[in-house]
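Contents: one structure, followed by commentary.
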Amino acid sequence: MIKGIKGVKDILPDETPRWRLVEETARRWAARYGFHEIRIPIFEVTTLFARSIGATTDIVEKEMYTFPDRDGTSLTLRPEGTAGTVRAFIEHNRAADPLAQKYFYIGPMFRHERPQAGRLRQFHQFGVEYFGTQDATADVDVIALLWRFLSDLALPDLTLEINSLGSTADRAAYLPVLRSFLQSRVEHLCDNCRRRLETNPLRVLDCKIPSCRAATEDAPQLISYLSAEAKSHFDQVLSMLTALAIPWRHNPRLVRGLDYYCLTAFEITSSHLGAQNAVGAGGRYDGLVELLGGPSTPAVGFATGLERIVMMLATDRLPASSPSVYVAAFGSAGKPAGAQVLDALRLAGVAAQSDYRVSTLKGHLRQADRAGCRFAVLLGDDEARSGSAVIRDMESKVQESISLGDLPRYFLSLIKGF
Ligand code: ATP
Ligand code: MG
């Protein structure tokens with residue numbers, strides 16, 4: 001038997017209503033904030049991700065699905081959505097548009113990670129990218145959109161943590177200080193962090209291992225190295241969030257794994273998620289468009305993991321599906337008449353089904369019950385000959401006879417009342 005790939009999940013019909021609710025809610029909130037959908041490819045040339053995400057990040061170091069194309073070009077399944085969105089922004093000269101470009105995407109991402117609850121190799125993200133302004137209000141829009149979207153889904157115990165990564169120059173002033181602090185604690189750090197100390201010391205602050213956290217408890221904070229501009233940008237973001245009644249917590253250890261972030265960085269977590277507690281994260285990446293060969297364009301965005309959101313979604317939030325009609329047709333005249341009734345109902349906009357393996361009334365009613373159909377149309381040879389059918393309310397068991405031609409109108413008005 002051929003099985004699916006480890007860490008790559010099927011989403012079965014039982015689960016898709018939850019997914020649809022999450023995706024429709026995401027689309028609704030994106031539209032309210034003026035973001036338009038972009039659909040970017042699932043794979044790109046490897047250098048796009050290597051250059052934009054950064055060589056010393058987890059993603060590029062060990063998580064990418066990379067393979068040679070037939071001509072030898074190295075290709076990679078997208079591990080995130082920002083790089084492709086920025087490439088498309090540049091390639092289609094979107095900076096020339098006088099309107100600020102605001103995009104959202106929903107779709108699968110691919111990372112070679114150790115699969116566990118909330119961590120998959122194919123997972124799904126909803127993300128937004130807001131290009132063209134350095135105004136702190138844009139940061140707030142992006143954070144508020146994420147917060148309102150998650151709150152609309154009534155996800156439990158959300159916390160918004162926020163930090164400022166400063167400008168490139170601010171970080172350049174801070175990094176030597178951090179590095180020498182980390183050197184002084186090196187014997188308490190995990191192997192990974194010892195390596196990061198050389199390649200990407202900021203990320204030591206992000207390590208989840210308790211002993212590393214303890215060793216860096218009193219590390220010097222980037223926030224004390226912010227320039228006046230960066231400090232003012234951060235203060236504006238925080239005071240606007242407060243004005244919008246979005247609760248935030250300053251987390252001076254919050255750094256993003258990706259190289260391209262500057263100024264605002266944020267993450268939303270939930271205590272209901274266990275070890276993989278991040279629901280979504282994002283920040284400002286003013287240098288990325290230029291880094292990838294485009295015109296200097298500030299930008300801010302987030303990405304959020306849909307698996308983790310779906311996991312937390314309470315089932316009572318699912319909208320009830322509209323009632324469906326079961327057509328129980330049997331007999332040599334009843335069956336073809338039933339096929340016509342099914343067609344007429346569907347054309348009228350009524351969900352109608354049957355089970356063609358069944359040939360008795362009793363069997364049909366059992367299937368109608370199993371399928372959760374609210375009504376059944378009973379149609380045997382006698383009914384077909386008289387041009388009528390018996391309608392059965394599957395809950396009250398009340399039955400009445402109706403002419404075949406009236407069925408679509410009858411059900412349409414019944415269903416509207418639900
Ligand atoms: P983590 O710390 O959980 O590894 P990350 O920093 O790698 O997260 P981002 O690249 O910021 O994650 O992606 C944004 C969101 O996408 C995460 O907050 C999470 O909800 C989700 N996500 C990331 N990786 C996975 C994965 N392998 N499986 C499921 N969801 C994921
Ligand atoms: Mg990760």
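Identifiers for the structure tokens are assigned positionally: chains receive A, B, ... in sequence, residues are indexed from 1 per chain, and ligands are indexed from 1 in the order shown.
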>> Please return as a list in words the residues found within 9 Å of ligand 2, counting only C-alpha atoms and all ligand atoms.
In response: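 Final answer, ordered by chain and number: Asp58, Ile59, Glu63, Arg111, Glu113, Arg119 and Gly257 of chain A.
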Written file, previous selection with C-alpha atoms, as an mmCIF file, in the first residue's frame:
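Below is the file selection-v4.cif, written as the result:
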data_model
loop_
_atom_site.group_PDB
_atom_site.id
_atom_site.type_symbol
_atom_site.label_atom_id
_atom_site.label_comp_id
_atom_site.auth_asym_id
_atom_site.auth_seq_id
_atom_site.Cartn_x
_atom_site.Cartn_y
_atom_site.Cartn_z
ATOM 1 C CA ASP A 58 16.611 27.490 10.294
ATOM 2 C CA ILE A 59 14.617 27.550 7.082
ATOM 3 C CA GLU A 63 14.239 23.056 6.229
ATOM 4 C CA ARG A 111 9.483 22.848 5.418
ATOM 5 C CA GLU A 113 10.923 19.692 10.022
ATOM 6 C CA ARG A 119 4.356 21.163 13.103
ATOM 7 C CA GLY A 257 14.392 34.033 12.726
#
> Counting only C-alpha atoms, what is within 7 Å of stretch 409-415 of chain A, bar same-chain residues fewer than 2 positions away, as a PyMOL selection string?
Replying inline: chain A and resi 323+350+406-407+417-418
> If we count only C-alpha atoms, what is near stretch 212-228 of chain A at a cut-off of 6 Å, once residues fewer than 4 positions away on the same chain are taken out, given as a ChimeraX atom specification?
Replying inline: /A:166,170,189
Generate a file of the selected residues that holds C-alpha atoms, formatted as a short mmCIF file (atom, residue, chain, number, x, y, z; two decimals), in the first residue's frame.
data_model
loop_
_atom_site.label_atom_id
_atom_site.label_comp_id
_atom_site.auth_asym_id
_atom_site.auth_seq_id
_atom_site.Cartn_x
_atom_site.Cartn_y
_atom_site.Cartn_z
CA GLY A 166 15.81 48.76 15.30
CA ASP A 170 21.13 49.98 15.46
CA LEU A 189 24.65 27.45 25.82
#
>> Neighbouring residues of ligand 1 are defined here as those with any atom at most 8 Å from a ligand atom, counting only C-alpha atoms and all ligand atoms; list them as an MDAnalysis selection string.
In response: chainID A and resid 58:59 79:80 110:113 115 118:125 256:258 267:269 276:282 302:309
> Which parts of stretch 285-332 of chain A does DSSP call strand (DSSP E or B) when run on the backbone here, written out as a ChimeraX atom specification?
Replying inline: /A:299-305,325-329
> With only C-alpha atoms as the atoms that count, which of A:Leu77, A:Leu273, A:Leu254, A:Met394 lies nearest to A:Met64?
Replying inline: A:Leu77
>> Between atom CA of A:Ser74 and atom CA of A:Leu292, what is the distance in Å, rounded to a tenth?
In response: 17.5 Å
> Got a sec: who's within 8 Å of stretch 178-180 of chain A, counting only C-alpha atoms, leaving out chain neighbours fewer than 3 positions off, as a VMD selection string?
Replying inline: chain A and resid 174 to 175 183 to 184 197 201 to 202 219 to 220
>> To test your reading of the structure, identify every residue in stretch 250-408 of chain A that backbone DSSP assigns to alpha helix (DSSP H), and report it as number ranges by chain.
In response: A: 288-291, 306-312, 334-348, 361-370, 381-386, 407-408
Could you dump the residues just selected with C-alpha atoms as a short mmCIF file (atom, residue, chain, number, x, y, z; two decimals), in the first residue's frame?
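Written file, part19.cif:
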data_model
loop_
_atom_site.label_atom_id
_atom_site.label_comp_id
_atom_site.auth_asym_id
_atom_site.auth_seq_id
_atom_site.Cartn_x
_atom_site.Cartn_y
_atom_site.Cartn_z
CA LEU A 288 13.90 43.31 1.35
CA VAL A 289 12.48 44.69 -1.91
CA GLU A 290 15.78 46.44 -2.62
CA LEU A 291 17.79 43.39 -1.55
CA LEU A 306 -3.73 27.70 9.72
CA GLU A 307 -3.21 24.21 11.22
CA ARG A 308 -2.69 25.74 14.64
CA ILE A 309 -5.75 27.96 14.23
CA VAL A 310 -7.94 25.06 13.08
CA MET A 311 -6.73 23.02 16.07
CA MET A 312 -7.93 25.71 18.47
CA GLY A 334 -39.80 5.57 -10.01
CA LYS A 335 -36.03 5.49 -10.57
CA PRO A 336 -35.91 7.51 -13.81
CA ALA A 337 -38.49 9.94 -12.41
CA GLY A 338 -36.21 10.31 -9.38
CA ALA A 339 -33.26 11.22 -11.58
CA GLN A 340 -35.33 14.03 -13.09
CA VAL A 341 -36.42 15.26 -9.65
CA LEU A 342 -32.79 15.33 -8.46
CA ASP A 343 -31.80 17.35 -11.52
CA ALA A 344 -34.71 19.80 -11.14
CA LEU A 345 -33.96 20.35 -7.44
CA ARG A 346 -30.28 20.97 -8.08
CA LEU A 347 -31.02 23.37 -10.92
CA ALA A 348 -33.35 25.27 -8.59
CA LEU A 361 -37.86 2.33 0.60
CA LYS A 362 -36.56 1.14 3.97
CA GLY A 363 -32.96 1.18 2.74
CA HIS A 364 -33.37 4.67 1.30
CA LEU A 365 -34.77 6.07 4.55
CA ARG A 366 -31.84 4.62 6.46
CA GLN A 367 -29.37 6.29 4.11
CA ALA A 368 -31.30 9.58 4.29
CA ASP A 369 -30.96 9.46 8.08
CA ARG A 370 -27.26 8.64 7.95
CA ASP A 381 -43.77 3.40 -9.55
CA ASP A 382 -47.27 4.44 -8.39
CA GLU A 383 -46.12 7.98 -7.60
CA ALA A 384 -44.24 8.27 -10.88
CA ARG A 385 -47.35 7.24 -12.82
CA SER A 386 -49.56 9.74 -10.98
CA LEU A 407 -41.15 20.08 -5.83
CA PRO A 408 -38.38 22.61 -6.62
#
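Checking A:Ala26, A:Val204, A:Val128, A:Ala328 one by one against A:Arg39, counting only C-alpha atoms, you find the shortest gap at A:Val128.
Shortest separation to A:Arg87 among A:Phe266, A:Phe49, A:Tyr260, A:Trp248 occurs at residue A:Phe49, atoms counted being only C-alpha atoms.
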> Which one of A:Val300, A:Cys193, A:Ile106, A:Val140 sits closest to A:Glu23 if you count only C-alpha atoms?
Replying inline: A:Ile106
Would you mind listing what lies within 10 Å of A:Tyr105 as a JSON list (two decimals) with C-alpha atoms, in the first residue's frame, with only C-alpha atoms counted and same-chain residues fewer than 5 positions away left out?
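Written out: selection.json:
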[["chain", "number", "residue", "atom", "x", "y", "z"],
["A", 26, "ALA", "CA", -9.30, 35.45, 6.85],
["A", 27, "ARG", "CA", -10.57, 36.66, 3.48],
["A", 30, "ALA", "CA", -8.24, 41.02, 4.69],
["A", 35, "PHE", "CA", -5.80, 43.77, 1.15],
["A", 36, "HIS", "CA", -6.15, 42.01, -2.20],
["A", 37, "GLU", "CA", -5.40, 38.38, -2.87],
["A", 38, "ILE", "CA", -2.20, 37.38, -4.64],
["A", 39, "ARG", "CA", -1.58, 33.81, -5.81],
["A", 40, "ILE", "CA", 2.10, 33.12, -6.06],
["A", 81, "GLY", "CA", 5.10, 33.50, 1.26],
["A", 82, "THR", "CA", 6.98, 36.78, 1.61],
["A", 85, "THR", "CA", 5.25, 37.99, -3.03],
["A", 125, "GLN", "CA", -0.41, 29.98, 6.00],
["A", 126, "PHE", "CA", -2.54, 33.08, 5.67],
["A", 127, "GLY", "CA", -0.31, 36.10, 5.32],
["A", 128, "VAL", "CA", -0.39, 39.74, 4.32],
["A", 129, "GLU", "CA", 2.21, 42.15, 2.93],
["A", 303, "ALA", "CA", 2.12, 35.06, 8.36]]
> Taking only C-alpha atoms into account, which of A:Thr242, A:Ser321, A:Thr46, A:Ser270 comes nearest A:Ala154?
Replying inline: A:Ser270
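Nearest to A:Ala31 of all the residues A:Lys102, A:Val186, A:Leu12, A:Lys416 is A:Lys102, counting only C-alpha atoms.
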>> Would you pick out the contacts of A:Thr25 at 9 Å or less, using only C-alpha atoms, so that residues sharing its chain but fewer than 3 positions from it are not included, and give the list as JSON, numbers by chain?
In response: {"A": [20, 21, 22, 28, 29, 30, 149, 150, 152, 153]}
How about saving the chosen residues, N, CA and C atoms kept, as a CSV table (one decimal), in the first residue's frame?
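Once written, out-v4.csv looks like this:
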chain,number,residue,atom,x,y,z
A,20,ARG,N,-12.7,25.8,6.0
A,20,ARG,CA,-13.4,26.9,5.2
A,20,ARG,C,-13.7,28.0,6.1
A,21,LEU,N,-14.2,27.8,7.3
A,21,LEU,CA,-14.5,28.9,8.2
A,21,LEU,C,-13.3,29.8,8.5
A,22,VAL,N,-12.2,29.1,8.7
A,22,VAL,CA,-11.0,29.9,9.0
A,22,VAL,C,-10.6,30.7,7.8
A,28,ARG,N,-12.4,37.7,4.7
A,28,ARG,CA,-13.3,38.8,5.1
A,28,ARG,C,-12.5,39.9,5.8
A,29,TRP,N,-11.6,39.5,6.7
A,29,TRP,CA,-10.8,40.5,7.4
A,29,TRP,C,-9.8,41.2,6.5
A,30,ALA,N,-9.2,40.4,5.6
A,30,ALA,CA,-8.2,41.0,4.7
A,30,ALA,C,-9.0,42.1,3.8
A,149,PHE,N,-8.8,39.2,13.2
A,149,PHE,CA,-9.1,37.9,12.6
A,149,PHE,C,-9.1,36.8,13.6
A,150,LEU,N,-8.1,36.7,14.5
A,150,LEU,CA,-8.0,35.6,15.4
A,150,LEU,C,-9.1,35.8,16.5
A,152,ASP,N,-12.0,37.2,16.1
A,152,ASP,CA,-13.3,36.8,15.4
A,152,ASP,C,-13.5,35.3,15.5
A,153,LEU,N,-12.5,34.6,15.4
A,153,LEU,CA,-12.6,33.1,15.5
A,153,LEU,C,-12.7,32.6,17.0
